[in-house]
Structures are given as C-alpha cells and as structure tokens.
file model-v6.cif (mmCIF, C-alpha atoms)
data_input
#
loop_
_atom_site.label_atom_id
_atom_site.label_comp_id
_atom_site.auth_asym_id
_atom_site.auth_seq_id
_atom_site.Cartn_x
_atom_site.Cartn_y
_atom_site.Cartn_z
CA MET A 105 118.48 156.76 147.23
CA HIS A 106 120.47 155.77 144.19
CA SER A 107 122.16 152.67 145.52
CA THR A 108 122.08 149.45 143.54
CA ILE A 109 119.84 147.78 146.08
CA VAL A 110 117.17 150.47 145.88
CA ARG A 111 117.37 150.45 142.09
CA GLY A 112 116.96 146.68 142.13
CA GLN A 113 113.95 146.99 144.42
CA ASN A 114 112.31 149.58 142.16
CA VAL A 115 112.82 147.45 139.07
CA PHE A 116 111.46 144.38 140.82
CA GLY A 117 108.43 146.27 142.10
CA PHE A 118 107.69 147.63 138.65
CA PHE A 119 108.14 144.16 137.16
CA THR A 120 105.58 142.61 139.49
CA THR A 121 103.08 145.41 138.84
CA VAL A 122 103.42 145.00 135.07
CA CYS A 123 103.07 141.20 135.38
CA PHE A 124 99.92 141.59 137.44
CA VAL A 125 98.30 144.06 135.03
CA VAL A 126 99.20 141.99 131.94
CA ALA A 127 97.80 138.85 133.57
CA ALA A 128 94.57 140.67 134.44
CA LEU A 129 94.24 141.94 130.83
CA ILE A 130 94.84 138.45 129.40
CA ALA A 131 92.23 136.99 131.74
CA ALA A 132 89.76 139.72 130.78
CA SER A 133 90.36 139.09 127.05
CA ASP A 134 88.52 135.80 127.52
CA LEU A 135 85.24 137.68 127.81
CA LEU A 136 85.64 139.21 124.35
CA ALA A 137 85.79 135.92 122.45
CA PRO A 138 82.29 134.57 121.67
CA ARG A 139 81.46 130.98 122.57
CA THR A 140 78.94 128.87 120.65
CA PRO A 141 79.27 125.26 121.75
CA LYS A 142 76.91 122.59 120.37
CA ALA A 143 76.47 118.92 121.17
CA THR A 144 74.13 115.98 120.70
CA VAL A 145 74.29 112.82 122.74
CA ALA A 146 72.24 109.64 122.89
CA ALA A 147 72.54 106.36 124.75
CA ASN A 148 73.09 103.33 122.51
CA THR A 149 73.15 100.16 124.56
CA VAL A 150 72.75 99.99 128.31
CA GLN A 151 73.66 97.05 130.47
CA VAL A 152 73.40 96.48 134.20
CA VAL A 153 75.69 93.74 135.46
CA ARG A 154 76.21 92.25 138.87
CA GLY A 155 79.91 91.75 139.53
CA ARG A 156 83.10 93.37 140.67
CA PRO A 157 83.35 96.69 138.78
CA HIS A 158 86.83 97.76 139.90
CA TYR A 159 90.05 95.87 140.58
CA TYR A 160 89.85 96.88 144.24
CA SER A 161 86.19 95.87 144.78
CA THR A 162 85.82 93.31 147.52
CA LYS A 163 82.18 92.48 147.03
CA LYS A 164 79.85 92.10 144.08
CA GLU A 165 77.85 95.19 143.16
CA GLU A 166 75.44 96.23 140.45
CA TYR A 167 77.16 98.42 137.89
CA ALA A 168 75.97 99.98 134.65
CA ILE A 169 77.74 100.13 131.29
CA ILE A 170 76.26 102.79 129.03
CA ARG A 171 77.49 102.94 125.44
CA PHE A 172 76.66 106.22 123.73
CA THR A 173 76.90 108.23 120.55
CA MET A 174 78.01 111.86 120.71
CA ASN A 175 78.63 114.70 118.27
CA ALA A 176 80.03 117.95 119.60
CA ASP A 177 81.58 121.17 118.35
CA PHE A 178 83.68 123.01 120.91
CA SER A 179 85.96 124.81 118.44
CA SER A 180 84.67 128.25 119.52
CA LEU A 181 86.06 127.64 123.01
CA PHE A 182 89.67 127.65 121.82
CA THR A 183 91.27 131.09 122.10
CA TRP A 184 94.85 132.20 122.65
CA ASN A 185 94.26 132.00 126.40
CA THR A 186 92.83 128.47 126.41
CA LYS A 187 95.11 125.84 127.87
CA GLN A 188 92.77 122.89 127.55
CA VAL A 189 89.11 121.95 127.32
CA PHE A 190 87.96 119.07 129.50
CA VAL A 191 84.86 117.43 128.04
CA TYR A 192 82.86 114.94 130.09
CA VAL A 193 79.65 112.98 129.63
CA SER A 194 77.66 112.16 132.75
CA ALA A 195 74.64 110.03 133.47
CA SER A 196 72.19 111.52 135.95
CA TRP A 197 68.83 110.54 137.34
CA PRO A 198 66.46 111.76 140.04
CA ASN A 199 65.71 110.25 143.39
CA SER A 200 62.37 108.68 144.11
CA THR A 201 61.43 111.77 146.11
CA SER A 202 61.84 114.65 143.62
CA GLU A 203 62.23 115.54 139.93
CA GLU A 204 65.72 117.02 140.39
CA LEU A 205 68.61 115.09 138.85
CA VAL A 206 70.33 114.48 142.13
CA ASN A 207 72.44 111.46 141.24
CA GLU A 208 75.21 112.10 138.75
CA ALA A 209 78.24 110.08 137.64
CA VAL A 210 80.73 110.67 134.83
CA ILE A 211 80.89 107.84 132.30
CA TRP A 212 83.41 109.29 129.86
CA ASP A 213 85.81 112.21 129.66
CA THR A 214 88.57 113.54 127.44
CA ILE A 215 91.13 116.31 127.48
CA ILE A 216 91.56 118.47 124.38
CA THR A 217 94.68 120.62 124.69
CA ASN A 218 95.26 123.89 122.91
CA PRO A 219 98.25 123.71 120.53
CA SER A 220 100.10 125.98 122.95
CA ALA A 221 99.73 123.33 125.65
CA ASP A 222 100.37 120.23 123.52
CA HIS A 223 103.83 119.76 124.98
CA LEU A 224 102.30 119.17 128.41
CA GLN A 225 100.31 116.12 127.41
CA ASN A 226 101.02 112.65 128.66
CA ILE A 227 101.97 111.01 125.38
CA GLY A 228 105.18 109.37 124.16
CA PRO A 229 108.01 111.39 122.53
CA ALA A 230 107.29 110.33 118.94
CA ALA A 231 103.56 111.14 119.12
CA MET A 232 104.37 114.40 120.94
CA LYS A 233 106.79 115.52 118.20
CA LYS A 234 104.17 114.74 115.53
CA LEU A 235 101.44 116.61 117.37
CA VAL A 236 103.52 119.71 118.06
CA LYS A 237 104.81 119.82 114.48
CA SER A 238 101.32 119.50 112.99
CA ALA A 239 100.05 122.58 114.83
CA LYS A 240 103.19 124.74 114.78
CA GLY A 241 102.84 128.22 113.33
CA LYS A 242 99.21 127.75 112.28
CA SER A 243 96.07 129.19 113.79
CA ILE A 244 94.03 126.79 115.89
CA ASP A 245 92.60 124.03 113.71
CA PRO A 246 88.81 124.04 114.15
CA LYS A 247 88.85 120.23 113.99
CA ARG A 248 90.44 120.28 117.45
CA GLY A 249 87.17 121.11 119.11
CA LYS A 250 85.08 118.62 117.17
CA ILE A 251 84.22 115.29 118.74
CA ASP A 252 82.46 112.52 116.85
CA LEU A 253 81.86 109.27 118.70
CA LYS A 254 79.74 106.36 117.55
CA ASN A 255 78.70 103.61 119.95
CA GLN A 256 81.49 104.69 122.29
CA LYS A 257 82.43 102.35 125.11
CA PRO A 258 82.29 104.24 128.41
CA LYS A 259 85.51 104.88 130.32
CA TYR A 260 83.91 104.34 133.69
CA GLN A 261 81.35 101.86 134.93
CA ILE A 262 79.03 103.50 137.44
CA THR A 263 78.01 102.11 140.80
CA ALA A 264 75.69 103.84 143.21
CA PRO A 265 76.39 104.12 146.97
CA THR A 266 73.11 102.29 147.57
CA GLY A 267 74.40 99.38 145.49
CA LYS A 268 71.17 99.20 143.50
CA LEU A 269 71.11 100.32 139.89
CA GLN A 270 68.77 98.10 137.90
CA ASP A 271 65.40 99.40 136.77
CA THR A 272 66.30 103.03 137.48
CA ASP A 273 64.03 105.35 135.51
CA GLY A 274 64.57 108.81 134.06
CA VAL A 275 68.31 108.54 133.35
CA VAL A 276 69.69 111.26 131.05
CA LEU A 277 73.13 111.65 129.53
CA ARG A 278 74.53 115.17 129.62
CA VAL A 279 77.56 116.69 127.95
CA HIS A 280 79.59 119.23 129.95
CA TYR A 281 82.83 121.06 129.39
CA ASN A 282 85.41 122.90 131.48
CA VAL A 283 87.65 125.51 129.89
CA GLN A 284 91.04 125.90 131.57
CA PRO A 285 92.80 129.17 130.69
CA TRP A 286 96.50 129.94 130.75
CA VAL A 287 95.72 132.77 133.16
CA GLY A 288 92.37 133.60 134.69
CA VAL A 289 89.05 132.17 135.69
CA LEU A 290 88.08 128.57 135.02
CA THR A 291 84.66 128.21 133.41
CA TRP A 292 82.19 125.37 133.11
CA THR A 293 79.07 124.70 131.03
CA PRO A 294 77.09 127.87 131.65
CA GLN A 295 73.66 127.92 133.24
CA ILE A 296 72.96 131.46 131.99
CA GLU A 297 74.01 133.32 128.87
CA PHE A 298 76.73 135.89 129.56
CA GLY A 299 77.46 138.49 126.91
CA SER A 300 78.72 136.66 123.82
CA TRP A 301 79.02 133.36 125.66
CA LYS A 302 76.10 131.20 124.61
CA LYS A 303 74.75 128.22 126.51
CA LEU A 304 75.51 124.73 125.25
CA LYS A 305 73.08 124.01 122.43
CA GLY A 306 71.63 120.55 122.94
CA GLY A 307 73.89 118.33 124.98
CA VAL A 308 71.14 116.42 126.80
CA SER A 309 69.94 112.99 125.73
CA LYS A 310 66.42 111.61 125.90
CA ALA A 311 65.56 109.92 129.19
CA PHE A 312 66.07 106.18 129.27
CA LYS A 313 65.83 103.40 131.79
CA LEU A 314 68.56 101.23 133.22
CA PRO A 315 67.46 97.66 132.50
CA SER A 316 67.28 94.71 134.87
CA ILE A 317 70.20 92.39 135.22
CA LYS A 318 69.88 89.69 132.60
CA LYS A 319 68.92 86.41 134.22
CA LYS A 320 70.90 83.43 132.99
CA ASP A 321 68.75 81.12 130.93
CA PRO A 322 68.08 77.80 132.66
CA PRO A 323 70.43 75.14 131.27
CA LYS A 324 68.88 73.49 128.23
CA LYS A 325 67.98 69.91 128.67
CA ALA A 326 70.36 67.65 126.86
CA MET B 208 124.26 148.69 163.44
CA LEU B 209 125.72 150.45 166.49
CA SER B 210 124.20 153.76 165.45
CA SER B 211 120.72 152.34 166.10
CA LEU B 212 121.52 152.01 169.81
CA GLN B 213 122.26 155.73 170.01
CA LYS B 214 119.09 156.60 168.03
CA PRO B 215 116.37 154.33 169.41
CA ARG B 216 113.42 156.25 167.86
CA PRO B 217 114.20 155.65 164.17
CA ALA B 218 115.04 152.04 164.97
CA ALA B 219 111.73 151.60 166.79
CA ALA B 220 109.89 153.29 163.92
CA GLN B 221 111.50 150.89 161.44
CA LEU B 222 110.54 147.95 163.61
CA LEU B 223 106.96 149.24 163.79
CA SER B 224 106.62 149.68 160.03
CA PHE B 225 108.05 146.19 159.54
CA GLY B 226 105.46 144.85 161.97
CA LEU B 227 102.72 146.77 160.17
CA ILE B 228 103.68 145.23 156.83
CA LEU B 229 103.59 141.75 158.34
CA SER B 230 100.22 142.25 159.99
CA THR B 231 98.71 143.79 156.84
CA ALA B 232 99.76 140.73 154.87
CA PHE B 233 98.28 138.51 157.57
CA MET B 234 95.03 140.50 157.61
CA MET B 235 94.68 140.29 153.82
CA TRP B 236 95.19 136.50 153.96
CA LYS B 237 92.65 136.02 156.72
CA GLY B 238 90.23 138.45 155.05
CA LEU B 239 90.39 136.39 151.86
CA SER B 240 89.82 133.28 153.96
CA VAL B 241 86.64 134.79 155.38
CA ILE B 242 85.33 135.98 151.98
CA THR B 243 85.83 132.59 150.37
CA ASP B 244 84.88 130.65 153.52
CA SER B 245 87.93 128.45 152.99
CA PRO B 246 90.75 127.74 155.46
CA SER B 247 93.25 128.06 152.64
CA PRO B 248 91.98 130.27 149.81
CA ILE B 249 95.16 130.12 147.71
CA VAL B 250 96.98 126.82 147.18
CA VAL B 251 100.04 125.74 145.23
CA VAL B 252 99.79 122.61 143.08
CA LEU B 253 102.21 120.02 144.46
CA THR B 254 101.56 116.90 142.38
CA SER B 255 101.21 116.05 138.72
CA SER B 256 97.91 114.24 139.17
CA MET B 257 95.95 116.94 137.30
CA GLU B 258 98.20 117.28 134.27
CA PRO B 259 98.07 118.68 131.63
CA ALA B 260 95.76 121.18 133.32
CA PHE B 261 97.87 121.98 136.39
CA GLN B 262 101.63 121.67 136.69
CA ARG B 263 103.63 121.69 139.89
CA GLY B 264 104.07 125.25 141.10
CA ASP B 265 100.81 126.64 139.72
CA LEU B 266 98.70 128.87 141.94
CA LEU B 267 95.00 128.13 142.45
CA PHE B 268 92.35 130.45 143.88
CA LEU B 269 89.57 128.69 145.76
CA ASN B 270 86.01 129.46 146.75
CA ASN B 271 84.19 127.47 149.38
CA ARG B 272 81.05 129.59 149.64
CA ASP B 273 78.05 127.88 147.97
CA ILE B 274 76.68 131.04 146.34
CA VAL B 275 74.80 129.47 143.44
CA SER B 276 75.03 125.78 144.26
CA GLU B 277 77.10 123.11 145.96
CA PRO B 278 80.19 121.75 144.19
CA GLY B 279 78.99 119.64 141.27
CA VAL B 280 80.29 116.94 138.98
CA GLY B 281 83.22 118.23 136.94
CA ASP B 282 84.28 120.87 139.46
CA ILE B 283 87.91 120.82 140.53
CA VAL B 284 88.04 120.77 144.31
CA VAL B 285 90.66 120.78 147.03
CA TYR B 286 89.85 118.38 149.83
CA ASN B 287 91.30 116.82 152.98
CA VAL B 288 90.89 113.13 153.68
CA ASP B 289 89.34 112.35 157.08
CA GLY B 290 92.03 112.73 159.68
CA ILE B 291 94.85 113.74 157.33
CA ASP B 292 95.82 117.37 156.76
CA ILE B 293 97.25 117.14 153.24
CA PRO B 294 95.15 119.01 150.65
CA ILE B 295 94.54 117.13 147.38
CA VAL B 296 93.42 118.85 144.16
CA HIS B 297 91.21 116.56 142.04
CA ARG B 298 88.02 116.64 140.00
CA ILE B 299 84.57 115.47 141.19
CA ILE B 300 83.37 112.62 138.99
CA GLN B 301 80.37 111.44 140.99
CA LYS B 302 77.81 113.16 143.20
CA TRP B 303 75.02 111.48 145.10
CA GLU B 304 72.65 113.86 146.85
CA GLY B 305 70.66 112.83 149.84
CA ALA B 306 70.79 113.22 153.60
CA GLY B 307 74.56 113.60 153.40
CA THR B 308 75.77 114.40 149.91
CA LYS B 309 78.52 112.04 148.76
CA PHE B 310 81.27 112.92 146.30
CA LEU B 311 83.78 110.76 144.46
CA THR B 312 86.91 112.40 143.01
CA LYS B 313 89.65 111.47 140.58
CA GLY B 314 92.76 113.15 139.25
CA ASP B 315 92.69 113.80 135.50
CA ASN B 316 96.09 112.17 135.13
CA ASN B 317 95.25 109.15 137.30
CA MET B 318 93.83 105.93 135.91
CA ALA B 319 91.81 105.03 139.00
CA ASP B 320 89.50 107.14 141.12
CA ASP B 321 90.45 108.35 144.59
CA THR B 322 88.81 105.55 146.61
CA GLY B 323 92.29 104.32 147.43
CA LEU B 324 93.25 107.71 148.88
CA TYR B 325 90.31 108.06 151.24
CA ALA B 326 90.46 106.95 154.87
CA LYS B 327 89.88 103.31 155.70
CA GLY B 328 86.19 102.55 155.42
CA GLN B 329 85.52 105.88 153.70
CA ASN B 330 84.22 105.29 150.17
CA TYR B 331 83.02 108.80 149.40
CA LEU B 332 83.79 112.36 150.47
CA GLY B 333 81.34 114.55 152.36
CA ARG B 334 80.83 118.29 151.88
CA GLU B 335 82.88 118.93 155.00
CA ASN B 336 85.98 117.31 153.48
CA ILE B 337 86.02 119.84 150.66
CA ILE B 338 87.84 123.07 151.51
CA GLY B 339 87.19 124.87 148.23
CA SER B 340 86.52 124.70 144.48
CA VAL B 341 89.02 126.14 142.04
CA ILE B 342 87.78 129.32 140.38
CA ALA B 343 90.96 130.93 138.99
CA TYR B 344 94.47 129.94 138.08
CA VAL B 345 97.90 131.52 137.58
CA PRO B 346 100.80 129.40 136.24
CA PHE B 347 104.28 129.01 137.80
CA VAL B 348 104.02 131.68 140.50
CA GLY B 349 103.88 129.20 143.36
CA TYR B 350 107.05 127.34 142.42
CA VAL B 351 109.00 129.36 145.01
CA THR B 352 107.09 127.70 147.85
CA ILE B 353 107.83 124.24 146.45
CA LEU B 354 111.53 125.07 146.27
CA LEU B 355 111.48 126.39 149.81
CA SER B 356 109.86 123.25 151.19
CA GLU B 357 112.01 120.80 149.23
CA TYR B 358 115.31 122.58 149.89
CA PRO B 359 115.03 123.91 153.47
CA TRP B 360 118.49 125.41 153.30
CA LEU B 361 117.05 127.92 150.80
CA LYS B 362 114.98 129.40 153.63
CA THR B 363 118.07 130.15 155.74
CA VAL B 364 119.87 131.54 152.70
CA MET B 365 116.95 133.87 151.87
CA LEU B 366 116.59 135.04 155.49
CA GLY B 367 120.35 135.61 155.63
CA LEU B 368 120.23 137.70 152.46
CA MET B 369 117.30 139.78 153.75
CA GLY B 370 119.06 140.35 157.06
CA LEU B 371 122.21 141.38 155.20
CA MET B 372 120.24 143.87 153.07
CA VAL B 373 118.65 145.42 156.18
CA ILE B 374 122.03 145.91 157.83
CA LEU B 375 123.69 147.28 154.70
CA GLN B 376 120.84 149.76 154.14
CA ARG B 377 121.42 151.44 157.48
CA GLU B 378 125.08 152.34 156.81
#
call {"tool": "encode", "arguments": {"input": "model-v6.cif", "output": "structure tokens"}}
result
Amino acid sequence: MHSTIVRGQNVFGFFTTVCFVVAALIAASDLLAPRTPKATVAANTVQVVRGRPHYYSTKKEEYAIIRFTMNADFSSLFTWNTKQVFVYVSASWPNSTSEELVNEAVIWDTIITNPSADHLQNIGPAAMKKLVKSAKGKSIDPKRGKIDLKNQKPKYQITAPTGKLQDTDGVVLRVHYNVQPWVGVLTWTPQIEFGSWKKLKGGVSKAFKLPSIKKKDPPKKA
Amino acid sequence: MLSSLQKPRPAAAQLLSFGLILSTAFMMWKGLSVITDSPSPIVVVLTSSMEPAFQRGDLLFLNNRDIVSEPGVGDIVVYNVDGIDIPIVHRIIQKWEGAGTKFLTKGDNNMADDTGLYAKGQNYLGRENIIGSVIAYVPFVGYVTILLSEYPWLKTVMLGLMGLMVILQRE
C-alpha cells in the first residue's frame, strides 16, 4: 500500500487529472474574451486567362486572377490561448440553378501567429530572432491583427472543375478567419453570435463578374 | 508467481478486471467513433505540413457528422486518398458543389495544393474520402505514439516493464 510503485502510480494519476482539468479551464477561458472582428474587401482588377495555371497542368485551362484590396482588424481574436489566426479570402459564386454560393475557392491566405507561437514559424533564424525579440515581455501588439492590403496580387489562381470560368456572374469575395488555440476548440468565422463573440462585421465584397478572355487584336497591317 | 497457482480465484479475478479495463477502453473508443461518425475520431499529427498550426505529436479531435453543414472551405479535414489508408491532415481550399461535391485541399506549410497526393486521375476529393473535420486540439500528448511507431523496440521495453511491475506487485 505504501510501496514506491503505488506511490508513483498515485502521483501519476493525480498529475493526469490536474493536467486534464487545467486544459479544460484554459479552453473554457476562450469564451470569456470578447471578439469583434471587422473587415472590408473589394475586387480591384479581374482577369480570366486561358493557359496552364500550375506547373503540373498538362492541358490549357481557363483560370482567373483576382487582385483585391482588403482592410481587416482581427486584434480582438488574440488572447493568451490563441496560437495563430489563419485569415483567408475566397471567391464564391452560385450555380446556374440556385442563388446559393455553391462554388468557392481561396485566392489568398495568411497566417498570423500569436507572439507565444512565433518560434514555430517557418522563417529564417535572423528574422525569427528579430520577431521574437520585438514581442518579448510585452502584451500582444494590436497591430498584429490588422491587415491592410492594396491591390494585392492573389496567391492562388482559380480553376473550376468544369474548366469554364469566363463570364461568370455574381462572384463575391469573402473574408474568413480560423482561430487556432493552444488548447481547445478550433473556431471559424461565426454564422451566429455567441455570447460576447460577435459576427464578422463586413467582410463581403460587392458582386462582380468574371470577364471574358481578352481576344488578341488582329495583327496591324504594316 | 507460484502462489497464483495455489490460489486460482484471486488470479482469475485479477485477469477479469484487467480484461474489463481493456474492454472499457475499447468501448469508449468505439462509442466516440459512433458519436462522431468517424472511423478514427482522435488522430495524432505525423507530418509538419500544417505548421505552425500543428506540430508532430499533437492530438486532434475529429467530427464527421454534418450537423450544421458539410465541410466547407477553410475547414481542416483528415482524409484518405482513394485506395490508400494513410490519413492526411490538410485544409480545404476549394469546394465545388453539385451532383458530387468536389474538394481540393492543401497543407498550410506546403507551396502547392494536394493534387499531386491524390490517386492517379483523381483531381478532387469527394465527401467519402473525408473521415472527419478537426474541432479540437491538444498539443504534444500524442508524441508517445510517434515514438512507439518509429522506435519499435520501445514497445517491447514498455511491455517488459509493465510485466515486471505486475509480477513484483504480487510478491
């Protein structure tokens, strides 16, 4: 009853119980912090090109390049339990059959790490040292959650499975985010308000149309 | 050890309680599988393709039941490629609804999307390839399973230690 092995077992059992309870409390603390994200997004220039969009494409396809402007404030999403916020802008449009935005593709994304997770980023040692030093010992800089892009080139060109993209109507750009905690539940852009967690204010662009592929002008006569 | 042969009842009782513990663990696992409608409701992150979000050894809790809606763009899902039984944890970056909804995925830490990982001739994933979306996350806890699979001798060492503890406890 008082052997070392039993003592070890009791300590280990207590340790796991404490770990579990502390993790549950940390995860629950997320609900107490209010969230008030805001964003505005608009499409700048839109191009539909016929060509090979990816290095592995074997045939020519129609792909769209959508340059956009975006202003967002996600600083309220950063708490002590946040590990990173993944922000992504997607273009979506409905099918010919219904009003629902059933086609959706991400054109741009970024990862904003919490200062506590900066050391996990994929950047070189000099930049890493600078980043960690700039945030050490301070409370989370509100500028971390602010994004300001003007005429941003998209990260990804979008192709549809049907292969046809030109003259698509009713395309909207939407801003979404995904909060990754250190411990607990992952959350995305909310559809309903939950306690002190507000919905994303704005974040949807006006509908626009994907243009036709530019036809090459006939060669000018000499 | 020899004393157990003279007293079969306590030995049998111990064996029974050991069996009960094992079957309770199994029942809890399968119960969770049924609730989440996923063949593997808890997975360990094996690759670094979702860094800095997930590191190797992190534990992910999945849900495969479409309560509110189907998996959407931006969701982190675990999927199996047609014909291969290795689960991959990546994020959905494209969704095309229709007769058969098509998904395209990509790891946050990868430059290119997952088209190269899919089966030959398969350009998109279907709903049936997805075995769950990530809903919760605990860091580090799963690293033990990675160690056990990469260093198989650890398994024999751990079993040996447990066997030793059982024998020593009797005397």
call {"tool": "atom_distance", "arguments": {"input": "model-v6.cif", "atom1": "atom CA of A:Thr162", "atom2": "atom CA of A:Gly274"}}
result
29.5 Å
call {"tool": "closest_atom_pairs", "arguments": {"input": "model-v6.cif", "of": "chain B", "to": "chain A", "cutoff": "10 Å", "atoms": "only C-alpha atoms", "output": "Markdown table"}}
result
| residue | atom | partner | partner_atom | distance |
| --- | --- | --- | --- | --- |
| B:Glu258 | CA | A:Gln225 | CA | 7.3 |
| B:Pro259 | CA | A:Leu224 | CA | 5.3 |
| B:Ala260 | CA | A:Gln188 | CA | 6.7 |
| B:Phe261 | CA | A:Gln284 | CA | 9.2 |
| B:Gln262 | CA | A:Leu224 | CA | 8.7 |
| B:Leu267 | CA | A:Gly288 | CA | 9.9 |
| B:Phe268 | CA | A:Val289 | CA | 9.0 |
| B:Gly279 | CA | A:Glu208 | CA | 8.8 |
| B:Val280 | CA | A:Glu208 | CA | 7.0 |
| B:Gly281 | CA | A:Asn282 | CA | 7.5 |
| B:Asp282 | CA | A:Trp292 | CA | 8.1 |
| B:Ile283 | CA | A:Leu290 | CA | 9.5 |
| B:Ile299 | CA | A:Val210 | CA | 8.8 |
| B:Ile300 | CA | A:Val210 | CA | 5.3 |
| B:Gln301 | CA | A:Ala209 | CA | 4.2 |
| B:Lys302 | CA | A:Glu208 | CA | 5.3 |
| B:Trp303 | CA | A:Asn207 | CA | 4.6 |
| B:Glu304 | CA | A:Val206 | CA | 5.3 |
| B:Gly305 | CA | A:Val206 | CA | 7.9 |
| B:Thr308 | CA | A:Val206 | CA | 9.5 |
| B:Lys309 | CA | A:Pro265 | CA | 8.4 |
| B:Phe310 | CA | A:Ala209 | CA | 9.6 |
| B:Leu311 | CA | A:Ala209 | CA | 8.8 |
| B:Asp315 | CA | A:Ile215 | CA | 8.5 |
| B:Asn316 | CA | A:Asn226 | CA | 8.1 |
| B:Ala319 | CA | A:His158 | CA | 8.9 |
| B:Asp320 | CA | A:Tyr260 | CA | 9.7 |
| B:Thr322 | CA | A:Tyr160 | CA | 9.0 |
| B:Gly323 | CA | A:Tyr160 | CA | 8.5 |
| B:Asn330 | CA | A:Pro265 | CA | 8.5 |
| B:Tyr331 | CA | A:Pro265 | CA | 8.5 |
| B:Val341 | CA | A:Leu290 | CA | 7.5 |
| B:Ile342 | CA | A:Leu290 | CA | 5.4 |
| B:Ala343 | CA | A:Val289 | CA | 4.0 |
| B:Tyr344 | CA | A:Gly288 | CA | 5.4 |
| B:Val345 | CA | A:Val287 | CA | 5.1 |
| B:Pro346 | CA | A:Val287 | CA | 6.8 |
| B:Met372 | CA | A:Ile109 | CA | 8.0 |
| B:Leu375 | CA | A:Ile109 | CA | 9.5 |
| B:Gln376 | CA | A:Ile109 | CA | 8.4 |
call {"tool": "atom_distance", "arguments": {"input": "model-v6.cif", "atom1": "atom CA of B:Trp236", "atom2": "atom CA of B:Val348"}}
result
16.8 Å
call {"tool": "atom_distance", "arguments": {"input": "model-v6.cif", "atom1": "atom CA of B:Thr243", "atom2": "atom CA of B:Gly339"}}
result
8.1 Å
call {"tool": "resolve_selection", "arguments": {"input": "model-v6.cif", "expression": "the PyMOL selection byres ((chain A and resi 302-319) around 10)", "output": "ChimeraX atom specification"}}
result
/A:138-147,149-154,166-170,172-178,193-197,269-281,293-301,320-322
call {"tool": "closest_residue", "arguments": {"input": "model-v6.cif", "among": "B:Leu227, B:Val364, B:Ile242, B:Val251", "to": "B:Val351", "atoms": "all atoms listed in the file"}}
result
B:Val251
call {"tool": "residues_around", "arguments": {"input": "model-v6.cif", "residues": "B:Leu355", "least_positions_apart": "6", "cutoff": "12 Å", "atoms": "only C-alpha atoms", "output": "PyMOL selection string"}}
result
chain B and resi 264+349+361-366
call {"tool": "resolve_selection", "arguments": {"input": "model-v6.cif", "expression": "the PyMOL selection byres ((chain A and resi 236) around 12)", "output": "PyMOL selection string"}}
result
chain A and resi 217-225+227+229-235+237-242
call {"tool": "build_atoms", "arguments": {"input": "model-v6.cif", "residues": "stretch 317-330 of chain B", "atoms": "N, CA, C and O atoms", "output": "compact mmCIF listing (two decimals), keeping the file's coordinate frame"}}
result
# COMPACT_ATOMS: atom_id res chain seq x y z
N ASN B 317 95.24 110.46 136.65
CA ASN B 317 95.25 109.15 137.30
C ASN B 317 94.32 108.20 136.57
O ASN B 317 93.30 108.60 136.05
N MET B 318 94.68 106.91 136.56
CA MET B 318 93.83 105.93 135.91
C MET B 318 92.63 105.58 136.78
O MET B 318 91.52 105.43 136.30
N ALA B 319 92.87 105.46 138.09
CA ALA B 319 91.81 105.03 139.00
C ALA B 319 91.27 106.22 139.78
O ALA B 319 91.93 107.24 139.91
N ASP B 320 90.04 106.06 140.32
CA ASP B 320 89.50 107.14 141.12
C ASP B 320 90.16 107.14 142.51
O ASP B 320 91.03 106.33 142.80
N ASP B 321 89.72 108.10 143.35
CA ASP B 321 90.45 108.35 144.59
C ASP B 321 90.06 107.45 145.74
O ASP B 321 90.47 107.70 146.87
N THR B 322 89.24 106.40 145.50
CA THR B 322 88.81 105.55 146.61
C THR B 322 90.00 105.05 147.40
O THR B 322 89.93 104.92 148.63
N GLY B 323 91.11 104.79 146.73
CA GLY B 323 92.29 104.32 147.43
C GLY B 323 92.93 105.37 148.32
O GLY B 323 93.70 105.05 149.23
N LEU B 324 92.64 106.66 148.09
CA LEU B 324 93.25 107.71 148.88
C LEU B 324 92.45 108.04 150.13
O LEU B 324 92.97 108.62 151.08
N TYR B 325 91.14 107.70 150.09
CA TYR B 325 90.31 108.06 151.24
C TYR B 325 90.69 107.24 152.47
O TYR B 325 91.39 106.24 152.38
N ALA B 326 90.15 107.67 153.63
CA ALA B 326 90.46 106.95 154.87
C ALA B 326 89.86 105.55 154.81
O ALA B 326 88.97 105.28 154.02
N LYS B 327 90.35 104.69 155.68
CA LYS B 327 89.88 103.31 155.70
C LYS B 327 88.40 103.30 156.02
O LYS B 327 87.94 103.90 156.98
N GLY B 328 87.63 102.62 155.20
CA GLY B 328 86.19 102.55 155.42
C GLY B 328 85.43 103.71 154.80
O GLY B 328 84.21 103.71 154.76
N GLN B 329 86.18 104.73 154.31
CA GLN B 329 85.52 105.88 153.70
C GLN B 329 85.50 105.68 152.19
O GLN B 329 86.55 105.66 151.56
N ASN B 330 84.30 105.51 151.60
CA ASN B 330 84.22 105.29 150.17
C ASN B 330 83.90 106.54 149.39
O ASN B 330 84.08 106.59 148.18
